[in-house]
Every structure is written in C-alpha cells, then in structure tokens.
Amino acid sequence: MIQYNLSEIMKKAHQLYKNARAKYPTFSDALKRSWKSAKFSANVEDSIKAINAEKEVQKAKEQEEREQAQIRSILFNAQLEAQRIIHKAEAKAERMRVEIAARKAGVSYAEYQNRLSQSMGYGCGHYCGD
C-alpha cells in the first residue's frame, strides 16, 4: 500500500488555499487538489520505477545475447580452424600416398605426376574435355 507524506499534503493544501483563493475558495477544495496531486505523483513514481526495471531487464537480455554471440563466434572460429587443420592433414596424407605409389612404380614423384597427367590427357596437348 502506498504511504503518503501527510505533512506535505497538508502544507500544499494550506499553500494552495492561501495563494490561490480564486481557484480554491475553500480549504476543502485545496485539500482535494493536494490529495489528487499526491496520488498522481505516486503513480508517476511507480511508473518510472516500472520503466526503469524494464530497462534493466532489457539491458541484461542484450548483455546475455552479446555474450552468447561471442561464444558462438569462438566456437565457429574453432570449427573453421579444425577444418583447416583436417584439410591440411588430408592433403599431406594424399601426397604421402602418391609418393608411396611413385616409389612402388620406381619413379620420382614428379615423374609419377606427369604420367598421371598424360594418362588423363593433360600436359601433352590432347585434352579430352569434360
């Protein structure tokens, strides 16, 4: 329940009655106006508190979203790096397989690559097309 400062309400009523006789000819009218003003001020303060609470919740939500985005970014970068490493390792393994096949054929790696290119129609002017 809202608590009002009765002293302030009465002071304001006396001030209104004393300074604005034309608008508030009786003390009762001034007191009603003072109460109305106090209730309005209390409602405004409650509204301001609610708005500030909503702003705090929104700020917390935005901060949480930023933190989650940072986490997703870190994980994405880690996945990219892992894929790069895997691709590099697969390329190295393929090269090693080709070198082993070249040694089995008794030729150098470069010669083995040339033979493969020529057998596929590359490098000798006999490109077979797609």
# chains A, B, ... in the order shown; residues from 1 in each chain; ligands from 1
>>> select_by_dssp(residues="range 2-129 of chain A", states="helix (DSSP H, G or I)", output="PyMOL selection string")
chain A and resi 6-19+27-105+109-119
>>> residues_around(residues="Ala101 in chain A", least_positions_apart="6", cutoff="12 Å", atoms="only C-alpha atoms", output="list in words")
Glu94, Arg95, Val107, Ser108, Tyr109, Ala110, Glu111, Tyr112, Gln113 and Leu116 of chain A
>>> closest_residue(among="A:Gln70, A:Gln3, A:Gln83, A:Gln118", to="Asn43 in chain A", atoms="only C-alpha atoms")
A:Gln3
>>> atom_distance(atom1="CA of Asn77 in chain A", atom2="CA of Glu90 in chain A")
19.8 Å
>>> closest_atom_pairs(of="range 63-91 of chain A", to="range 48-59 of chain A", cutoff="12 Å", atoms="only C-alpha atoms", output="CSV")
residue,atom,partner,partner_atom,distance
A:Gln63,CA,A:Lys59,CA,6.1
A:Glu64,CA,A:Lys59,CA,8.5
A:Glu65,CA,A:Lys59,CA,9.8
A:Arg66,CA,A:Lys59,CA,10.5
